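Worksheet: one structure, shown below.
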Amino acid sequence: MATWSAWRPWRGVAVWLAFVVLALAVGSAVGTHQATADDYRTGEAGRAERMAAQGHLDHEPVEQVLISARSGPLDRTAAEAAVRDITARMRALPGVKRVAPAVRSADGGTLRVEVTLKGTDADDKKFVAPVAAQTAAAQRAHPALRVEETGSPSISVGVDTQRDDDLGLSEAITLPITLLTLMAVFGSAVMVAVPLLLALTSIAAAVGMSMIVSHLLPDAGVGMNVIILIGMAVGVDYTLFYLKREREERTRSGGRIGPEALVELAAATSGRAIVASGLAVVVSTATLYLATDIVFSSLATCTIIVVLAAVLSSLTALPALLVVIGRRAELRAARRAAKGTTRRAAKDHAGAGRVWTALLRPASRRPALTLCVSVLVMLGLAAPALGMQLRVLNKDSMSREIPALQAYDRLTAAFPELRIQHQVVVRAQADRSGEVADALRELERRTERDPLFAHQIRPVLRTSADHRIHTLYLAVPYKLSSPEALASLDRLRKDYLPHTVGTVAGAQFAVTGDVPHDTDYLAHQDEKLPLVVGMLLLLTFVMTALVFRSLVLGLIGVVLNLLSAAAAFGLVVVFFQYGLASTLFGFDPAATHAIGSRVPLFLFVILFGLSMDYQVFVVSRIREAALAGVPTRQAVLQGTVTSAKVVTSAAAVMVTVFATFMLLHLAEMKQIGFSLAVAVLLDAFVIRVMILPAALTLLGRATWWPSRGMRRVQERGAEAVNAPLQAVSSP
């Protein structure tokens with residue numbers, strides 16, 4: 001593909017741009033198919049939601065309108081007038097199902113009006129805007145009071161809006177810094193434009209393809225974040241690898257080879273490494289599908305799509321653009337020669353080579369000591385990961401810059417009984433309806449005597465039209481992530497339900513709600529984790545062994561990736577769980593003190609994939625030198641030095657992209673961005689400079705076991721080196 005594009009450059013560019021435009025056009029035409037509530041259901045909570053849906057007793061989307069004083073005591077007359085105004089406004093909206101009478105808080109300082117929306121939680125967002133508009137109008141009509149709205153629908157809308165704003169900020173920061181990094185590497189505006197152009201068009205193509213694929217695998221709302229995060233990183237990386245090799249071949253040829261042949265040489269070496277690296281990322285990321293979770297599936301789909309797009313651009317548009325640039329450079333050189341002028345000599349990078357040779361000296365001269373010290377440092381960084389605490393990041397950990405969450409805090413402070421609701425769902429034969437109702441009333445009486453449950457709100461019992469499905473809502477006055485909330489669920493599931501509803505013959509029961517959903521989600525992840533990790537380790541080993549034809553390198557790749565990921569986990573625990581990020585960076589404390597439940601598994605898989613970038617590129621250069629007959633120890637130094645600058649540059653771009661995600665408000669995105677940035681730094685400057693060279697130096701020829709071809713080449717190289725020595729020593 002690269003050769004075809006190199007000899008037909010404008011066709012190659014046209015083919016790539018046509019693909020990008022087609023992907024965007026088709027994607028825009030079909031739109032994005034968003035995941036529904038049914039896609040998120042797991043465990044007992046998911047079973048309860050499915051049973052409730054069968055009886056048309058789904059959880060109803062509810063918004064709460066709060067009326068309180070801006071300062072001092074609440075003016076009762078003004079507040080009641082505001083309640084009448086709000087009630088009239090809400091009842092006039094077509095998306096409102098019913099409006100409940102106002103309820104006063106225990107201290108009398110707040111009134112709330114409960115507004116139940118039509119539909120279910122799956123489509124509640126479309127009804128939020130009219131309710132918010134009427135709430136704002138009521139606020140303007142009653143300026144002496146604070147009139148605000150909150151609820152799960154409005155909080156979801158606020159989170160989505162904040163995420164979109166964050167993405168815009170991330171893009172605004174990422175592009176200039178990436179531009180400066182590339183300018184420092186190449187010193188040419190034209191060569192800087194190429195990586196950015198390829199990365200941005202790869203992202204555009206991936207966006208269009210992700211819309212199309214979402215009709216097979218629904219999008220969980222995280223696709224754009226991942227496409228930008230991974231797309232900029234690998235898109236620039238792959239282009240850097242290619243550009244580096246093309247420049248090397250141009251310098252080596254001294255102008256004797258045309259641009260087309262130079263690109264062919266780059267395609268045969270770095271191009272192959274890019275394809276191998278891209279496939280490794282795809283294969284490793286695909287293990288996320290084994291988690292059978294809609295969010296992980298969406299993350300995997302978008303990562304795979306954008307990586308494949310970046311690989312495809314490196315085989316079509318990139319070779320074509322390099323040939324076009326090379327031809328123009330030849331024309332300029334010919335004009336200068338005709339005028340009798342010469343071009344200023346290219347910058348000598350020998351100094352950079354000497355720097356990296358010095359950095360690699362410990363690994364080459366004292367490999368055992370370097371390996372031991374480096375591994376101990378990485379293990380020390382990884383140690384805090386043993387105390388990692390996972391939790392589903394919910395309303396308690398979201399940014400309080402969202403107005404709906406500010407109102408939520410005031411709501412739960414005035415009405416703590418609204419913090420949590422456990423929904424008990426029971427399915428039984430219709431002729432057992434009376435027994436089920438009696439059992440649920442007994443359950444209600446037991447919770448009334450339990451301090452873990454709220455008593456200000458009477459539990460709500462609902463029955464389906466066919467009398468087969470019953471639901472009971474029980475309130476809990478504690479925060480979502482509190483020990484009391486978990487204890488209330490545990491007592492409900494293990495004690496109260498088996499001794500009440502469980503005594504009804506043939507009755508099936510389950511509990512759902514925010515706390516049950518979070519609890520079951522963590523349990524589901526724990527169940528799938530060994531399968532995902534085991535398959536990831538196996539596939540990484542197989543891919544590395546196949547690419548380099550060495551079982552030893554396959555094993556080293558797995559071990560080094562594990563070491564890099566473990567160190568990143570340890571640092572994310574120190575910074576986020578222990579709160580160091582709040583102290584150093586001023587992060588919202590709500591985003592710290594626990595690690596998002598999805599963060600470790602996603603990071604583990606993505607880090608394994610991204611680490612293959614450096615692994616494949618560096619080891620490919622080492623293997624290339626070894627196949628040329630250079631002894632393995634010398635090939636390690638030579639291959640690492642020649643790839644050092646581009647690896648460093650690629651790492652700088654990756655770290656820049658990932659670090660910008662620390663500026664986002666979503667706690668999980670902060671943790672993911674931090675972890676990826678730290679892991680890439682460690683991988684580029686510790687793993688590839690210290691540990692990998694030291695390990696390969698110690699292994700020597702054993703590095704390539706069981707490759708017979710490499711063994712023969714190395715033996716011939718050793719004989720060629722030893723032959724002059726033997727001739728000198730002969731009598």
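Naming scheme: A, B, ... for chains in displayed order of the structure tokens; residues 1 onward per chain; ligands 1 onward as shown.
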Problem set entry | helix (DSSP H, G or I) per DSSP on the backbone: members of region 395-572 of chain A, as JSON, numbers by chain | {"A": [395, 396, 397, 403, 404, 405, 406, 407, 408, 409, 410, 411, 412, 413, 414, 416, 417, 418, 430, 431, 432, 433, 434, 435, 436, 437, 438, 439, 440, 441, 442, 443, 444, 445, 446, 447, 448, 483, 484, 485, 486, 487, 488, 489, 490, 491, 492, 493, 494, 495, 496, 501, 502, 503, 514, 515, 516, 517, 518, 519, 520, 521, 522, 523, 524, 525, 526, 527, 528, 529, 530, 531, 532, 533, 534, 535, 536, 537, 538, 539, 540, 541, 542, 543, 544, 545, 546, 547, 548, 551, 552, 553, 554, 555, 556, 557, 558, 559, 560, 561, 562, 563, 564, 565, 566, 567, 568, 569, 570, 571, 572]}
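Here CA of Thr642 (chain A) stands at a distance of 17.8 Å from CA of Met612 (chain A).
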For this session: State, in Å with one decimal place, the distance from CA of Met690 (chain A) to CA of Leu360 (chain A).
Result: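 Answer for the CA of Met690 (chain A) to CA of Leu360 (chain A) separation: 7.0 Å.
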For this session: Assign secondary structure with DSSP using the backbone only, and return the residues of region 284-469 of chain A in strand (DSSP E or B) as a list of chain:residue names.
Result: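 Of region 284-469 of chain A, the ones in strand (DSSP E or B) are A:Leu390, A:Arg391, A:Ile420, A:Gln421, A:His422, A:Gln423, A:Val424, A:Val425, A:Val426, A:Arg427, A:Val460, A:Leu461, A:Arg462, A:Thr463, A:Ile469.
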Dump of N, CA and C atoms for the selected residues, as a PDB file, in the first residue's frame:
ATOM      1  N   LEU A 390     -11.300   0.778  45.065  1.00  0.00           N
ATOM      2  CA  LEU A 390     -12.120   1.098  43.904  1.00  0.00           C
ATOM      3  C   LEU A 390     -13.545   1.417  44.328  1.00  0.00           C
ATOM      4  N   ARG A 391     -14.151   2.345  43.615  1.00  0.00           N
ATOM      5  CA  ARG A 391     -15.579   2.587  43.792  1.00  0.00           C
ATOM      6  C   ARG A 391     -16.121   3.213  42.522  1.00  0.00           C
ATOM      7  N   ILE A 420     -30.903   8.369  48.901  1.00  0.00           N
ATOM      8  CA  ILE A 420     -30.871   7.020  48.309  1.00  0.00           C
ATOM      9  C   ILE A 420     -32.266   6.415  48.367  1.00  0.00           C
ATOM     10  N   GLN A 421     -32.594   5.689  47.310  1.00  0.00           N
ATOM     11  CA  GLN A 421     -33.805   4.880  47.314  1.00  0.00           C
ATOM     12  C   GLN A 421     -33.468   3.486  46.788  1.00  0.00           C
ATOM     13  N   HIS A 422     -33.741   2.472  47.614  1.00  0.00           N
ATOM     14  CA  HIS A 422     -33.632   1.085  47.155  1.00  0.00           C
ATOM     15  C   HIS A 422     -34.984   0.680  46.577  1.00  0.00           C
ATOM     16  N   GLN A 423     -34.974   0.161  45.348  1.00  0.00           N
ATOM     17  CA  GLN A 423     -36.204  -0.311  44.734  1.00  0.00           C
ATOM     18  C   GLN A 423     -36.247  -1.836  44.806  1.00  0.00           C
ATOM     19  N   VAL A 424     -37.180  -2.352  45.603  1.00  0.00           N
ATOM     20  CA  VAL A 424     -37.390  -3.795  45.713  1.00  0.00           C
ATOM     21  C   VAL A 424     -38.409  -4.209  44.662  1.00  0.00           C
ATOM     22  N   VAL A 425     -38.056  -5.183  43.835  1.00  0.00           N
ATOM     23  CA  VAL A 425     -38.947  -5.651  42.765  1.00  0.00           C
ATOM     24  C   VAL A 425     -39.235  -7.128  43.002  1.00  0.00           C
ATOM     25  N   VAL A 426     -40.522  -7.482  42.955  1.00  0.00           N
ATOM     26  CA  VAL A 426     -40.949  -8.868  43.197  1.00  0.00           C
ATOM     27  C   VAL A 426     -41.822  -9.318  42.032  1.00  0.00           C
ATOM     28  N   ARG A 427     -41.535 -10.534  41.541  1.00  0.00           N
ATOM     29  CA  ARG A 427     -42.368 -11.122  40.483  1.00  0.00           C
ATOM     30  C   ARG A 427     -42.926 -12.450  40.988  1.00  0.00           C
ATOM     31  N   VAL A 460     -43.142   3.582  49.120  1.00  0.00           N
ATOM     32  CA  VAL A 460     -44.143   3.600  48.053  1.00  0.00           C
ATOM     33  C   VAL A 460     -44.264   2.210  47.454  1.00  0.00           C
ATOM     34  N   LEU A 461     -45.488   1.644  47.522  1.00  0.00           N
ATOM     35  CA  LEU A 461     -45.755   0.317  46.970  1.00  0.00           C
ATOM     36  C   LEU A 461     -46.556   0.470  45.677  1.00  0.00           C
ATOM     37  N   ARG A 462     -46.052  -0.139  44.601  1.00  0.00           N
ATOM     38  CA  ARG A 462     -46.739  -0.090  43.312  1.00  0.00           C
ATOM     39  C   ARG A 462     -46.927  -1.512  42.796  1.00  0.00           C
ATOM     40  N   THR A 463     -48.025  -1.721  42.058  1.00  0.00           N
ATOM     41  CA  THR A 463     -48.352  -3.039  41.515  1.00  0.00           C
ATOM     42  C   THR A 463     -48.694  -2.897  40.037  1.00  0.00           C
ATOM     43  N   ILE A 469     -46.197  -8.105  39.067  1.00  0.00           N
ATOM     44  CA  ILE A 469     -44.989  -7.384  39.451  1.00  0.00           C
ATOM     45  C   ILE A 469     -45.338  -6.366  40.534  1.00  0.00           C
TER      46      ILE A 469
END
For this session: Using only C-alpha atoms, determine which residues lie at most 9 Å from Val128 (chain A), disregarding the query and same-chain residues fewer than 5 positions distant; provide the list as a ChimeraX atom specification.
Result: /A:63,95,117,133,153-154,157
Next, the residues of the selection above should be written as an mmCIF file, in the first residue's frame with N, CA and C atoms.
data_model
loop_
_atom_site.group_PDB
_atom_site.id
_atom_site.type_symbol
_atom_site.label_atom_id
_atom_site.label_comp_id
_atom_site.auth_asym_id
_atom_site.auth_seq_id
_atom_site.Cartn_x
_atom_site.Cartn_y
_atom_site.Cartn_z
ATOM 1 N N GLU A 63 -37.621 15.336 38.848
ATOM 2 C CA GLU A 63 -36.880 16.564 39.108
ATOM 3 C C GLU A 63 -37.467 17.230 40.347
ATOM 4 N N GLY A 95 -44.200 17.495 28.658
ATOM 5 C CA GLY A 95 -43.317 16.423 29.093
ATOM 6 C C GLY A 95 -43.433 16.076 30.558
ATOM 7 N N LEU A 117 -41.412 13.381 35.371
ATOM 8 C CA LEU A 117 -41.405 13.524 33.922
ATOM 9 C C LEU A 117 -41.991 12.286 33.255
ATOM 10 N N ALA A 133 -36.160 25.660 31.775
ATOM 11 C CA ALA A 133 -36.560 26.994 31.317
ATOM 12 C C ALA A 133 -37.645 27.588 32.205
ATOM 13 N N PRO A 153 -32.041 13.546 35.903
ATOM 14 C CA PRO A 153 -32.025 14.027 34.512
ATOM 15 C C PRO A 153 -31.210 15.302 34.331
ATOM 16 N N SER A 154 -31.427 16.302 35.183
ATOM 17 C CA SER A 154 -30.706 17.570 35.019
ATOM 18 C C SER A 154 -29.223 17.409 35.351
ATOM 19 N N VAL A 157 -27.596 15.954 32.245
ATOM 20 C CA VAL A 157 -27.416 17.000 31.232
ATOM 21 C C VAL A 157 -26.241 17.901 31.607
#
For Val30 (chain A): contacts at 9 Å, only C-alpha atoms, fewer than 6 positions along chain excluded, given as an mmCIF file with all heavy atoms, in the first residue's frame:
data_model
loop_
_atom_site.group_PDB
_atom_site.id
_atom_site.type_symbol
_atom_site.label_atom_id
_atom_site.label_comp_id
_atom_site.auth_asym_id
_atom_site.auth_seq_id
_atom_site.Cartn_x
_atom_site.Cartn_y
_atom_site.Cartn_z
ATOM 1 N N MET A 211 -19.647 6.398 14.514
ATOM 2 C CA MET A 211 -21.099 6.593 14.388
ATOM 3 C C MET A 211 -21.737 5.407 13.676
ATOM 4 O O MET A 211 -22.808 4.932 14.062
ATOM 5 C CB MET A 211 -21.382 7.879 13.611
ATOM 6 C CG MET A 211 -20.990 9.151 14.315
ATOM 7 S SD MET A 211 -21.359 10.597 13.277
ATOM 8 C CE MET A 211 -20.776 11.927 14.344
ATOM 9 N N ILE A 212 -21.069 4.939 12.627
ATOM 10 C CA ILE A 212 -21.617 3.804 11.874
ATOM 11 C C ILE A 212 -21.620 2.544 12.730
ATOM 12 O O ILE A 212 -22.631 1.833 12.824
ATOM 13 C CB ILE A 212 -20.783 3.587 10.592
ATOM 14 C CG1 ILE A 212 -20.826 4.838 9.713
ATOM 15 C CG2 ILE A 212 -21.284 2.372 9.825
ATOM 16 C CD1 ILE A 212 -19.840 4.819 8.556
ATOM 17 N N HIS A 215 -24.268 1.453 15.562
ATOM 18 C CA HIS A 215 -25.535 0.767 15.303
ATOM 19 C C HIS A 215 -25.399 -0.739 15.493
ATOM 20 O O HIS A 215 -26.411 -1.454 15.524
ATOM 21 C CB HIS A 215 -26.027 1.102 13.891
ATOM 22 C CG HIS A 215 -26.431 2.535 13.734
ATOM 23 N ND1 HIS A 215 -27.711 2.977 13.984
ATOM 24 C CD2 HIS A 215 -25.711 3.635 13.416
ATOM 25 C CE1 HIS A 215 -27.767 4.290 13.787
ATOM 26 N NE2 HIS A 215 -26.564 4.717 13.454
#
For this session: Fewer than 3 positions away in the same chain doesn't count, so skip those; otherwise give me all residues within 10 Å of region 12-23 of chain A, counting only C-alpha atoms, as JSON, numbers by chain.
Result: {"A": [1, 2, 3, 4, 5, 6, 7, 8, 9, 26, 27, 28, 29, 198, 201, 202, 203, 204, 205, 206, 207, 208, 209, 210, 211, 212, 309, 312, 313, 314, 315, 316, 317, 318, 319, 320, 321]}
Exercise. Do you have the CA of Ser550 (chain A)-CA of Ala233 (chain A) distance handy?
Worked result: 28.0 Å
